[in-house]
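Pasting my_file.pdb here (PDB, C-alpha atoms and all ligand atoms):
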```pdb
ATOM      1  CA  MET A  87     377.026 148.683  79.655
ATOM      2  CA  PHE A  88     375.907 151.468  77.298
ATOM      3  CA  ILE A  89     372.610 149.671  76.673
ATOM      4  CA  LEU A  90     372.030 149.673  80.413
ATOM      5  CA  ALA A  91     372.941 153.368  80.469
ATOM      6  CA  THR A  92     370.394 154.050  77.692
ATOM      7  CA  ILE A  93     367.661 152.212  79.601
ATOM      8  CA  LEU A  94     368.429 154.023  82.863
ATOM      9  CA  VAL A  95     368.642 157.438  81.187
ATOM     10  CA  SER A  96     365.352 156.806  79.316
ATOM     11  CA  PHE A  97     363.621 155.584  82.447
ATOM     12  CA  GLY A  98     364.919 158.559  84.429
ATOM     13  CA  PHE A  99     363.753 161.117  81.863
ATOM     14  CA  SER A 100     360.342 159.409  81.424
ATOM     15  CA  LEU A 101     359.773 159.305  85.182
ATOM     16  CA  GLY A 102     360.973 162.895  85.437
ATOM     17  CA  VAL A 103     358.331 164.027  82.937
ATOM     18  CA  LEU A 104     355.557 161.852  84.421
ATOM     19  CA  ALA A 105     356.247 162.944  87.993
ATOM     20  CA  TRP A 106     356.657 166.671  87.245
ATOM     21  CA  PRO A 107     353.040 167.769  87.925
ATOM     22  CA  TYR A 108     352.892 165.925  91.238
ATOM     23  CA  SER A 109     356.330 165.665  92.779
ATOM     24  CA  ARG A 110     359.037 168.124  91.796
ATOM     25  CA  ALA A 111     361.445 166.288  94.122
ATOM     26  CA  LEU A 112     360.958 162.884  92.445
ATOM     27  CA  SER A 113     361.089 164.529  89.037
ATOM     28  CA  GLY A 114     364.294 166.382  89.909
ATOM     29  CA  VAL A 115     365.996 163.272  91.310
ATOM     30  CA  SER A 116     365.037 161.204  88.228
ATOM     31  CA  VAL A 117     366.318 163.769  85.761
ATOM     32  CA  GLY A 118     369.405 164.315  87.929
ATOM     33  CA  ILE A 119     370.259 160.587  87.833
ATOM     34  CA  SER A 120     369.777 160.586  84.051
ATOM     35  CA  LEU A 121     372.100 163.558  83.606
ATOM     36  CA  ALA A 122     374.692 161.948  85.896
ATOM     37  CA  MET A 123     374.481 158.785  83.791
ATOM     38  CA  LEU A 124     375.023 160.796  80.606
ATOM     39  CA  ALA A 125     378.007 162.532  82.193
ATOM     40  CA  TRP A 126     379.416 159.127  83.108
ATOM     41  CA  VAL A 127     378.997 157.897  79.478
ATOM     42  CA  ALA A 128     380.685 161.069  78.188
ATOM     43  CA  TRP A 129     383.542 160.567  80.621
ATOM     44  CA  ARG A 130     384.018 156.842  79.829
ATOM     45  CA  GLN A 131     383.594 156.999  76.047
ATOM     46  CA  ARG A 132     382.675 160.326  74.471
ATOM     47  CA  THR A 133     382.020 158.745  71.016
ATOM     48  CA  ALA A 134     379.177 156.629  72.511
ATOM     49  CA  LEU A 135     377.289 159.716  73.687
ATOM     50  CA  PRO A 136     375.373 160.508  70.448
ATOM     51  CA  GLY A 137     374.261 156.858  70.230
ATOM     52  CA  VAL A 138     373.025 156.825  73.819
ATOM     53  CA  LEU A 139     371.238 160.178  73.339
ATOM     54  CA  GLY A 140     369.616 159.015  70.076
ATOM     55  CA  SER A 141     368.405 155.704  71.517
ATOM     56  CA  THR A 142     367.163 157.506  74.629
ATOM     57  CA  ALA A 143     365.099 159.901  72.496
ATOM     58  CA  VAL A 144     363.560 157.026  70.487
ATOM     59  CA  PHE A 145     362.889 154.992  73.638
ATOM     60  CA  CYS A 146     361.231 157.950  75.426
ATOM     61  CA  LEU A 147     359.096 158.775  72.389
ATOM     62  CA  LEU A 148     357.890 155.171  72.059
ATOM     63  CA  ALA A 149     357.211 154.937  75.802
ATOM     64  CA  ALA A 150     355.231 158.215  75.780
ATOM     65  CA  LEU A 151     353.203 157.140  72.739
ATOM     66  CA  GLY A 152     352.517 153.684  74.176
ATOM     67  CA  TRP A 153     351.537 155.068  77.562
ATOM     68  CA  ASN A 154     349.217 157.789  76.265
ATOM     69  CA  LEU A 155     347.785 156.129  73.157
ATOM     70  CA  LEU A 156     347.519 152.517  74.358
ATOM     71  CA  LEU A 157     347.793 152.057  78.115
ATOM     72  CA  MET A 158     345.734 155.056  79.302
ATOM     73  CA  PRO A 159     342.827 154.499  76.845
ATOM     74  CA  TRP A 160     342.852 150.775  77.719
ATOM     75  CA  ALA A 161     342.666 151.465  81.458
ATOM     76  CA  ASN A 162     340.109 154.275  81.095
ATOM     77  CA  HIS A 163     337.821 152.454  78.678
ATOM     78  CA  GLU A 164     334.254 152.928  79.946
ATOM     79  CA  ALA A 165     332.604 149.767  81.258
ATOM     80  CA  PRO A 166     329.195 148.713  79.910
ATOM     81  CA  SER A 167     326.222 150.087  81.787
ATOM     82  CA  GLN A 168     325.245 148.149  84.880
ATOM     83  CA  ILE A 169     322.805 149.619  87.399
ATOM     84  CA  GLU A 170     321.757 147.635  90.423
ATOM     85  CA  LEU A 171     319.407 148.558  93.259
ATOM     86  CA  ARG A 172     320.013 146.953  96.641
ATOM     87  CA  ASN A 173     317.748 146.977  99.685
ATOM     88  CA  ALA A 174     315.008 148.869  97.806
ATOM     89  CA  ASN A 175     312.972 149.263 100.998
ATOM     90  CA  GLY A 176     315.820 150.642 103.098
ATOM     91  CA  THR A 177     314.759 153.553 105.273
ATOM     92  CA  ALA A 178     317.968 154.904 106.845
ATOM     93  CA  GLY A 179     319.126 156.759 103.729
ATOM     94  CA  ALA A 180     319.717 156.472  99.992
ATOM     95  CA  ALA A 181     323.132 156.276  98.382
ATOM     96  CA  LEU A 182     324.265 156.292  94.774
ATOM     97  CA  ILE A 183     327.599 154.584  94.121
ATOM     98  CA  VAL A 184     329.172 155.292  90.729
ATOM     99  CA  TYR A 185     332.430 153.529  89.941
ATOM    100  CA  HIS A 186     334.841 152.471  87.208
ATOM    101  CA  PRO A 187     335.309 148.681  87.422
ATOM    102  CA  GLY A 188     338.734 148.863  85.740
ATOM    103  CA  ARG A 189     340.800 145.847  84.823
ATOM    104  CA  SER A 190     341.247 144.151  88.173
ATOM    105  CA  GLU A 191     338.734 143.296  90.879
ATOM    106  CA  LEU A 192     340.021 145.826  93.418
ATOM    107  CA  GLN A 193     337.636 148.736  92.838
ATOM    108  CA  THR A 194     334.653 146.416  92.347
ATOM    109  CA  GLU A 195     335.470 144.690  95.638
ATOM    110  CA  ALA A 196     335.822 148.039  97.420
ATOM    111  CA  VAL A 197     332.523 149.540  96.234
ATOM    112  CA  ASN A 198     330.673 146.275  96.858
ATOM    113  CA  GLY A 199     332.032 146.273 100.405
ATOM    114  CA  PHE A 200     330.873 149.868 100.843
ATOM    115  CA  ALA A 201     327.423 148.989  99.472
ATOM    116  CA  GLU A 202     327.180 146.009 101.846
ATOM    117  CA  GLY A 203     328.049 148.237 104.804
ATOM    118  CA  LEU A 204     325.345 150.744 103.891
ATOM    119  CA  VAL A 205     322.797 147.985 103.296
ATOM    120  CA  ALA A 206     323.677 146.507 106.701
ATOM    121  CA  ALA A 207     322.704 149.901 108.148
ATOM    122  CA  ASP A 208     319.428 149.724 106.181
ATOM    123  CA  TRP A 209     320.341 152.191 103.439
ATOM    124  CA  ARG A 210     318.897 151.882  99.945
ATOM    125  CA  VAL A 211     321.871 151.611  97.582
ATOM    126  CA  THR A 212     322.107 152.084  93.823
ATOM    127  CA  LEU A 213     325.340 150.789  92.334
ATOM    128  CA  ALA A 214     326.166 151.991  88.804
ATOM    129  CA  THR A 215     329.161 151.819  86.496
ATOM    130  CA  ALA A 216     330.491 155.195  85.368
ATOM    131  CA  ASN A 217     329.191 155.928  81.881
ATOM    132  CA  ALA A 218     326.485 157.954  80.144
ATOM    133  CA  ALA A 219     323.722 155.740  81.607
ATOM    134  CA  ALA A 220     324.631 156.368  85.268
ATOM    135  CA  PRO A 221     322.028 158.548  87.049
ATOM    136  CA  THR A 222     322.909 162.256  87.031
ATOM    137  CA  ASP A 223     319.859 163.513  88.913
ATOM    138  CA  LEU A 224     320.958 163.208  92.531
ATOM    139  CA  ALA A 225     317.789 164.597  94.109
ATOM    140  CA  ALA A 226     316.702 161.164  95.353
ATOM    141  CA  TYR A 227     320.032 160.420  97.071
ATOM    142  CA  ASP A 228     321.429 161.513 100.433
ATOM    143  CA  LEU A 229     324.965 160.436  99.594
ATOM    144  CA  LEU A 230     327.048 160.084  96.438
ATOM    145  CA  VAL A 231     329.944 157.620  96.504
ATOM    146  CA  VAL A 232     332.434 157.619  93.625
ATOM    147  CA  GLY A 233     334.959 154.835  93.108
ATOM    148  CA  ALA A 234     337.934 155.396  90.818
ATOM    149  CA  GLN A 235     341.378 153.989  90.165
ATOM    150  CA  SER A 236     344.382 156.252  90.107
ATOM    151  CA  TYR A 237     345.700 156.186  86.549
ATOM    152  CA  THR A 238     348.870 158.231  86.141
ATOM    153  CA  TRP A 239     348.121 160.138  89.318
ATOM    154  CA  ALA A 240     344.600 161.184  88.396
ATOM    155  CA  PRO A 241     341.227 159.501  89.058
ATOM    156  CA  ALA A 242     339.912 157.236  86.280
ATOM    157  CA  ARG A 243     338.542 159.416  83.484
ATOM    158  CA  PRO A 244     335.063 157.809  83.284
ATOM    159  CA  VAL A 245     334.442 158.856  86.905
ATOM    160  CA  GLN A 246     335.720 162.385  86.297
ATOM    161  CA  ALA A 247     333.549 162.571  83.162
ATOM    162  CA  TYR A 248     330.542 161.345  85.139
ATOM    163  CA  LEU A 249     331.025 164.044  87.790
ATOM    164  CA  ARG A 250     331.311 166.726  85.119
ATOM    165  CA  ARG A 251     328.085 165.439  83.531
ATOM    166  CA  VAL A 252     326.333 165.814  86.892
ATOM    167  CA  GLY A 253     327.718 169.352  87.114
ATOM    168  CA  ASN A 254     326.790 171.315  90.196
ATOM    169  CA  LEU A 255     326.569 168.907  93.130
ATOM    170  CA  GLY A 256     324.656 171.520  95.129
ATOM    171  CA  GLY A 257     326.332 170.667  98.438
ATOM    172  CA  LYS A 258     325.550 166.935  98.160
ATOM    173  CA  PRO A 259     327.602 164.821 100.629
ATOM    174  CA  VAL A 260     330.215 162.870  98.654
ATOM    175  CA  VAL A 261     332.639 160.092  99.534
ATOM    176  CA  ALA A 262     335.357 158.893  97.163
ATOM    177  CA  ILE A 263     337.161 155.552  97.105
ATOM    178  CA  LEU A 264     340.470 155.669  95.262
ATOM    179  CA  SER A 265     342.262 152.465  94.335
ATOM    180  CA  GLY A 266     345.777 152.065  93.051
ATOM    181  CA  LEU A 267     348.983 150.128  93.175
ATOM    182  CA  GLY A 268     350.083 152.127  96.206
ATOM    183  CA  GLU A 269     350.287 155.836  95.405
ATOM    184  CA  THR A 270     346.893 157.512  95.321
ATOM    185  CA  GLY A 271     348.008 160.786  96.927
ATOM    186  CA  PRO A 272     348.137 162.942  93.780
ATOM    187  CA  ALA A 273     344.813 161.509  92.530
ATOM    188  CA  THR A 274     343.337 162.480  95.896
ATOM    189  CA  THR A 275     344.221 166.110  95.241
ATOM    190  CA  VAL A 276     342.705 165.972  91.743
ATOM    191  CA  MET A 277     339.526 164.340  93.070
ATOM    192  CA  ALA A 278     339.204 166.761  95.995
ATOM    193  CA  ASP A 279     339.726 169.759  93.696
ATOM    194  CA  LEU A 280     337.137 168.471  91.223
ATOM    195  CA  LEU A 281     334.529 167.776  93.908
ATOM    196  CA  THR A 282     335.123 171.164  95.504
ATOM    197  CA  ALA A 283     334.858 172.902  92.115
ATOM    198  CA  LEU A 284     331.547 171.122  91.526
ATOM    199  CA  ASN A 285     330.248 172.292  94.887
ATOM    200  CA  GLY A 286     330.193 168.851  96.511
ATOM    201  CA  ASN A 287     330.358 168.380 100.268
ATOM    202  CA  LEU A 288     333.379 166.066 100.419
ATOM    203  CA  LEU A 289     333.110 163.911 103.545
ATOM    204  CA  ASN A 290     336.137 161.712 102.994
ATOM    205  CA  ILE A 291     338.402 160.040 100.461
ATOM    206  CA  TYR A 292     339.312 156.422 101.228
ATOM    207  CA  HIS A 293     342.216 154.503  99.734
ATOM    208  CA  VAL A 294     342.659 150.845  98.810
ATOM    209  CA  TRP A 295     345.912 149.569  97.367
ATOM    210  CA  GLN A 296     347.198 146.507  95.552
ATOM    211  CA  ILE A 297     350.807 146.280  96.701
ATOM    212  CA  ARG A 298     350.789 148.515  99.770
ATOM    213  CA  PRO A 299     349.199 147.189 102.953
ATOM    214  CA  ILE A 300     345.997 148.904 104.047
ATOM    215  CA  ASP A 301     345.707 147.302 107.474
ATOM    216  CA  GLU A 302     347.265 150.353 109.127
ATOM    217  CA  LEU A 303     344.348 152.374 107.772
ATOM    218  CA  TYR A 304     341.510 149.929 108.393
ATOM    219  CA  GLY A 305     342.770 147.132 110.648
ATOM    220  CA  THR A 306     342.414 144.647 107.793
ATOM    221  CA  ASP A 307     344.089 144.042 104.449
ATOM    222  CA  ASP A 308     340.847 142.887 102.822
ATOM    223  CA  PRO A 309     339.593 145.880 100.770
ATOM    224  CA  ARG A 310     336.004 144.639 100.720
ATOM    225  CA  LEU A 311     335.864 144.186 104.488
ATOM    226  CA  ALA A 312     337.690 147.491 105.012
ATOM    227  CA  MET A 313     335.130 149.393 102.948
ATOM    228  CA  ARG A 314     332.220 147.510 104.538
ATOM    229  CA  GLN A 315     333.403 148.544 108.016
ATOM    230  CA  THR A 316     334.017 152.098 106.802
ATOM    231  CA  ALA A 317     330.461 152.359 105.452
ATOM    232  CA  VAL A 318     329.007 150.925 108.674
ATOM    233  CA  SER A 319     330.885 153.602 110.674
ATOM    234  CA  LEU A 320     329.798 156.340 108.291
ATOM    235  CA  ALA A 321     326.167 155.229 108.509
ATOM    236  CA  ALA A 322     326.359 155.084 112.318
ATOM    237  CA  ALA A 323     327.669 158.664 112.446
ATOM    238  CA  TRP A 324     325.187 159.910 109.834
ATOM    239  CA  GLY A 325     323.079 162.845 110.969
ATOM    240  CA  LYS A 326     324.712 162.993 114.414
TER     241      LYS A 326
HETATM  242  C1  LIG B 401     348.059 153.554  82.931
HETATM  243  C2  LIG B 401     348.088 153.235  84.401
HETATM  244  C3  LIG B 401     348.456 154.219  85.308
HETATM  245  C4  LIG B 401     348.468 153.935  86.680
HETATM  246  N1  LIG B 401     348.785 154.915  87.562
HETATM  247  C5  LIG B 401     348.768 154.646  88.897
HETATM  248  C6  LIG B 401     349.023 155.671  89.866
HETATM  249  O1  LIG B 401     349.205 156.835  89.554
HETATM  250  N2  LIG B 401     349.038 155.317  91.180
HETATM  251  C7  LIG B 401     348.775 154.044  91.599
HETATM  252  O2  LIG B 401     348.811 153.786  92.803
HETATM  253  N3  LIG B 401     348.490 153.062  90.714
HETATM  254  C8  LIG B 401     348.478 153.351  89.377
HETATM  255  N4  LIG B 401     348.169 152.371  88.482
HETATM  256  C9  LIG B 401     347.756 151.086  88.982
HETATM  257  C10 LIG B 401     346.242 151.008  89.044
HETATM  258  O3  LIG B 401     345.636 152.135  89.634
HETATM  259  C11 LIG B 401     345.885 149.819  89.865
HETATM  260  O4  LIG B 401     346.347 148.708  89.194
HETATM  261  C12 LIG B 401     344.404 149.814  90.109
HETATM  262  O5  LIG B 401     344.067 149.809  91.418
HETATM  263  C13 LIG B 401     343.734 148.640  89.522
HETATM  264  O6  LIG B 401     343.405 149.092  88.325
HETATM  265  P1  LIG B 401     342.549 148.178  87.473
HETATM  266  O7  LIG B 401     341.352 147.829  88.274
HETATM  267  O8  LIG B 401     342.185 148.962  86.253
HETATM  268  O9  LIG B 401     343.430 146.996  87.201
HETATM  269  C14 LIG B 401     348.135 152.640  87.128
HETATM  270  C15 LIG B 401     347.766 151.653  86.191
HETATM  271  C16 LIG B 401     347.743 151.940  84.855
HETATM  272  C17 LIG B 401     347.332 150.878  83.888
END
```
With the file now loaded, output its structure as structure tokens.
Ligand SMILES: Cc1cc2nc3c(=O)[nH]c(=O)nc-3n(C[C@H](O)[C@H](O)[C@H](O)COP(=O)(O)O)c2cc1C
Amino acid sequence: MFILATILVSFGFSLGVLAWPYSRALSGVSVGISLAMLAWVAWRQRTALPGVLGSTAVFCLLAALGWNLLLMPWANHEAPSQIELRNANGTAGAALIVYHPGRSELQTEAVNGFAEGLVAADWRVTLATANAAAPTDLAAYDLLVVGAQSYTWAPARPVQAYLRRVGNLGGKPVVAILSGLGETGPATTVMADLLTALNGNLLNIYHVWQIRPIDELYGTDDPRLAMRQTAVSLAAAWGK
């Protein structure tokens, strides 16, 4: 029972710390549950309290170290350079898509769908992974599309680093595609703030999720098809 209490208290405190920058309510509830659990341990068996507190501290420290030193660097590890030009003779417009492929297929599927939609509307599309080799001179492009996962409530670092390398976006129209398990809201704020700070003209931020249905947003649960249709609509409305 006290082992379970230790796990719950540790989980509650860890979530409380992780959620603090983005949701004070979630953070408060998590820490509140942890404190209630500790009070329950103190009430049931006061002598067990130091043990539970000690194990909680060790557990939280290990979780924080593992998350920040292993999991985040693993997820944010820059992909090798890959730059691909599609529909080189397209005349409707030119788009640069820069994305972090990540560890699953979701973001790759989403940006490929978006590229296919633009190509279907006769746009010339350059698709590049986010790293030092991705084009930073945007003069030749009408639209910049960035594709990033939400990692701990912020867009994937290689995409943020890419945008900072570009620097001033000079009013360039920008679309972002954020992928995640199901909660990309806080990353949306970070991305919107970054693009605004860099003087981008943010047209829209689209979301694709792994465990949360997206059909209410796009009428389909297939992220590739959803982004293809989205790009077709965007291209149809372009310049109107
Ligand atoms: C360290 C880490 C933090 C994550 N944080 C979030 C998050 O804040 N919100 C979310 O919806 N998904 C989060 N996820 C899930 C990923 O965003 C999701 O699995 C992603 O769409 C696919 O990532 P992948 O392509 O790198 O596998 C996180 C995943 C990892 C590994």
Next on the checklist: Could you tell me, as a PyMOL selection string, exactly which residues end up selected when the PyMOL selection byres (((chain A and resi 298-307) around 12) and not hetatm) is applied to this structure?
Outcome noted: chain A and resi 192+196+265-270+292-297+308-317+319
Requested write-out: C-alpha atoms of the selected residues, as a PDB file, in the frame of the given file:
```pdb
ATOM      1  CA  LEU A 192     340.021 145.826  93.418  1.00  0.00           C
ATOM      2  CA  ALA A 196     335.822 148.039  97.420  1.00  0.00           C
ATOM      3  CA  SER A 265     342.262 152.465  94.335  1.00  0.00           C
ATOM      4  CA  GLY A 266     345.777 152.065  93.051  1.00  0.00           C
ATOM      5  CA  LEU A 267     348.983 150.128  93.175  1.00  0.00           C
ATOM      6  CA  GLY A 268     350.083 152.127  96.206  1.00  0.00           C
ATOM      7  CA  GLU A 269     350.287 155.836  95.405  1.00  0.00           C
ATOM      8  CA  THR A 270     346.893 157.512  95.321  1.00  0.00           C
ATOM      9  CA  TYR A 292     339.312 156.422 101.228  1.00  0.00           C
ATOM     10  CA  HIS A 293     342.216 154.503  99.734  1.00  0.00           C
ATOM     11  CA  VAL A 294     342.659 150.845  98.810  1.00  0.00           C
ATOM     12  CA  TRP A 295     345.912 149.569  97.367  1.00  0.00           C
ATOM     13  CA  GLN A 296     347.198 146.507  95.552  1.00  0.00           C
ATOM     14  CA  ILE A 297     350.807 146.280  96.701  1.00  0.00           C
ATOM     15  CA  ASP A 308     340.847 142.887 102.822  1.00  0.00           C
ATOM     16  CA  PRO A 309     339.593 145.880 100.770  1.00  0.00           C
ATOM     17  CA  ARG A 310     336.004 144.639 100.720  1.00  0.00           C
ATOM     18  CA  LEU A 311     335.864 144.186 104.488  1.00  0.00           C
ATOM     19  CA  ALA A 312     337.690 147.491 105.012  1.00  0.00           C
ATOM     20  CA  MET A 313     335.130 149.393 102.948  1.00  0.00           C
ATOM     21  CA  ARG A 314     332.220 147.510 104.538  1.00  0.00           C
ATOM     22  CA  GLN A 315     333.403 148.544 108.016  1.00  0.00           C
ATOM     23  CA  THR A 316     334.017 152.098 106.802  1.00  0.00           C
ATOM     24  CA  ALA A 317     330.461 152.359 105.452  1.00  0.00           C
ATOM     25  CA  SER A 319     330.885 153.602 110.674  1.00  0.00           C
TER      26      SER A 319
END
```
Excluding Tyr248 in chain A and any residue of its chain fewer than 2 positions from it, enumerate the residues within 12 Å of it, using all atoms listed in the file, and give them as a PDB file with C-alpha atoms, in the coordinates of the input.
```pdb
ATOM      1  CA  GLU A 164     334.254 152.928  79.946  1.00  0.00           C
ATOM      2  CA  ILE A 183     327.599 154.584  94.121  1.00  0.00           C
ATOM      3  CA  VAL A 184     329.172 155.292  90.729  1.00  0.00           C
ATOM      4  CA  TYR A 185     332.430 153.529  89.941  1.00  0.00           C
ATOM      5  CA  HIS A 186     334.841 152.471  87.208  1.00  0.00           C
ATOM      6  CA  ALA A 214     326.166 151.991  88.804  1.00  0.00           C
ATOM      7  CA  THR A 215     329.161 151.819  86.496  1.00  0.00           C
ATOM      8  CA  ALA A 216     330.491 155.195  85.368  1.00  0.00           C
ATOM      9  CA  ASN A 217     329.191 155.928  81.881  1.00  0.00           C
ATOM     10  CA  ALA A 218     326.485 157.954  80.144  1.00  0.00           C
ATOM     11  CA  ALA A 219     323.722 155.740  81.607  1.00  0.00           C
ATOM     12  CA  ALA A 220     324.631 156.368  85.268  1.00  0.00           C
ATOM     13  CA  PRO A 221     322.028 158.548  87.049  1.00  0.00           C
ATOM     14  CA  THR A 222     322.909 162.256  87.031  1.00  0.00           C
ATOM     15  CA  ASP A 223     319.859 163.513  88.913  1.00  0.00           C
ATOM     16  CA  LEU A 230     327.048 160.084  96.438  1.00  0.00           C
ATOM     17  CA  VAL A 231     329.944 157.620  96.504  1.00  0.00           C
ATOM     18  CA  VAL A 232     332.434 157.619  93.625  1.00  0.00           C
ATOM     19  CA  GLY A 233     334.959 154.835  93.108  1.00  0.00           C
ATOM     20  CA  ALA A 234     337.934 155.396  90.818  1.00  0.00           C
ATOM     21  CA  PRO A 241     341.227 159.501  89.058  1.00  0.00           C
ATOM     22  CA  ALA A 242     339.912 157.236  86.280  1.00  0.00           C
ATOM     23  CA  ARG A 243     338.542 159.416  83.484  1.00  0.00           C
ATOM     24  CA  PRO A 244     335.063 157.809  83.284  1.00  0.00           C
ATOM     25  CA  VAL A 245     334.442 158.856  86.905  1.00  0.00           C
ATOM     26  CA  GLN A 246     335.720 162.385  86.297  1.00  0.00           C
ATOM     27  CA  ARG A 250     331.311 166.726  85.119  1.00  0.00           C
ATOM     28  CA  ARG A 251     328.085 165.439  83.531  1.00  0.00           C
ATOM     29  CA  VAL A 252     326.333 165.814  86.892  1.00  0.00           C
ATOM     30  CA  GLY A 253     327.718 169.352  87.114  1.00  0.00           C
ATOM     31  CA  ASN A 254     326.790 171.315  90.196  1.00  0.00           C
ATOM     32  CA  LEU A 255     326.569 168.907  93.130  1.00  0.00           C
ATOM     33  CA  LEU A 280     337.137 168.471  91.223  1.00  0.00           C
ATOM     34  CA  LEU A 281     334.529 167.776  93.908  1.00  0.00           C
ATOM     35  CA  LEU A 284     331.547 171.122  91.526  1.00  0.00           C
TER      36      LEU A 284
END
```
Checklist entry - So, counting only C-alpha atoms and all ligand atoms, which residue among A:Pro259, A:Gly137, A:Gly102, A:Pro187 is closest to ligand LIG 401 (chain B)? => result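 So, comparing all the options, the nearest one is A:Pro187.
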Next on the checklist: Using all atoms listed in the file - which residues lie no farther than 10 Å from the point (335.3, 163.6, 103.8) in the file's frame? Write them as a list in words.
Outcome noted: Pro259, Val260, Val261, Ala262, Ala278, Asn287, Leu288, Leu289, Asn290, Ile291 and Tyr292 of chain A
Item to check | Target residues per the PyMOL selection byres (((chain A and resi 321-326) around 12) and not hetatm), formatted as a ChimeraX atom specification | outcome: /A:177-181,200-210,228-229,259,289,314-320
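In this comparison, which uses only C-alpha atoms, the residue of A:Trp153, A:Phe145, A:Tyr227, A:Trp239 approaching Ser96 in chain A most closely is A:Phe145.
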Hey, can I get the axis-aligned box for range 119-133 of chain A? All listed atoms, 3 Å padding on each side, centre and edge lengths in Å to one decimal, as JSON.
```
{"center_x": 376.9, "center_y": 160.2, "center_z": 79.4, "size_x": 20.2, "size_y": 12.7, "size_z": 22.8}
```
Next on the checklist: I'd like to know which of A:Ala273, A:Leu249, A:Leu124, A:Ala174 is closest to ligand LIG 401 (chain B), using only C-alpha atoms and all ligand atoms.
Outcome noted: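 Result for the nearest residue to ligand LIG 401 (chain B): A:Ala273.
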Test item: the PyMOL selection byres (((chain A and resi 89) around 12) and not hetatm) resolved as a compact mmCIF listing (two decimals) with C-alpha atoms, in the frame of the given file:
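Final output, part_36.txt:
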```
# COMPACT_ATOMS: atom_id res chain seq x y z
CA MET A 87 377.03 148.68 79.66
CA PHE A 88 375.91 151.47 77.30
CA LEU A 90 372.03 149.67 80.41
CA ALA A 91 372.94 153.37 80.47
CA THR A 92 370.39 154.05 77.69
CA ILE A 93 367.66 152.21 79.60
CA LEU A 94 368.43 154.02 82.86
CA VAL A 95 368.64 157.44 81.19
CA SER A 96 365.35 156.81 79.32
CA MET A 123 374.48 158.78 83.79
CA VAL A 127 379.00 157.90 79.48
CA ALA A 134 379.18 156.63 72.51
CA LEU A 135 377.29 159.72 73.69
CA GLY A 137 374.26 156.86 70.23
CA VAL A 138 373.02 156.82 73.82
CA LEU A 139 371.24 160.18 73.34
CA GLY A 140 369.62 159.01 70.08
CA SER A 141 368.40 155.70 71.52
CA THR A 142 367.16 157.51 74.63
CA PHE A 145 362.89 154.99 73.64
```
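Interatomic distance, CA of Ser113 in chain A to CA of Asn162 in chain A: 24.7 Å.
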Item to check | Using all atoms listed in the file: which of A:Val103, A:Ala128, A:Leu264, A:Ala150 has the shortest distance to ligand LIG 401 (chain B) | outcome: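 Of A:Val103, A:Ala128, A:Leu264, A:Ala150, the one nearest ligand LIG 401 (chain B) is A:Leu264, counting all atoms listed in the file.
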Next on the checklist: Just checking: using all atoms listed in the file, which residue out of A:Arg172, A:His163, A:Lys258, A:Arg110 ends up closest to ligand LIG 401 (chain B)?
Outcome noted: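 For ligand LIG 401 (chain B), the nearest of the candidates is A:His163.
Considering all atoms listed in the file, the residue among A:Ala165, A:Val117, A:Leu224, A:Ala143 positioned nearest to ligand LIG 401 (chain B) is A:Ala165.
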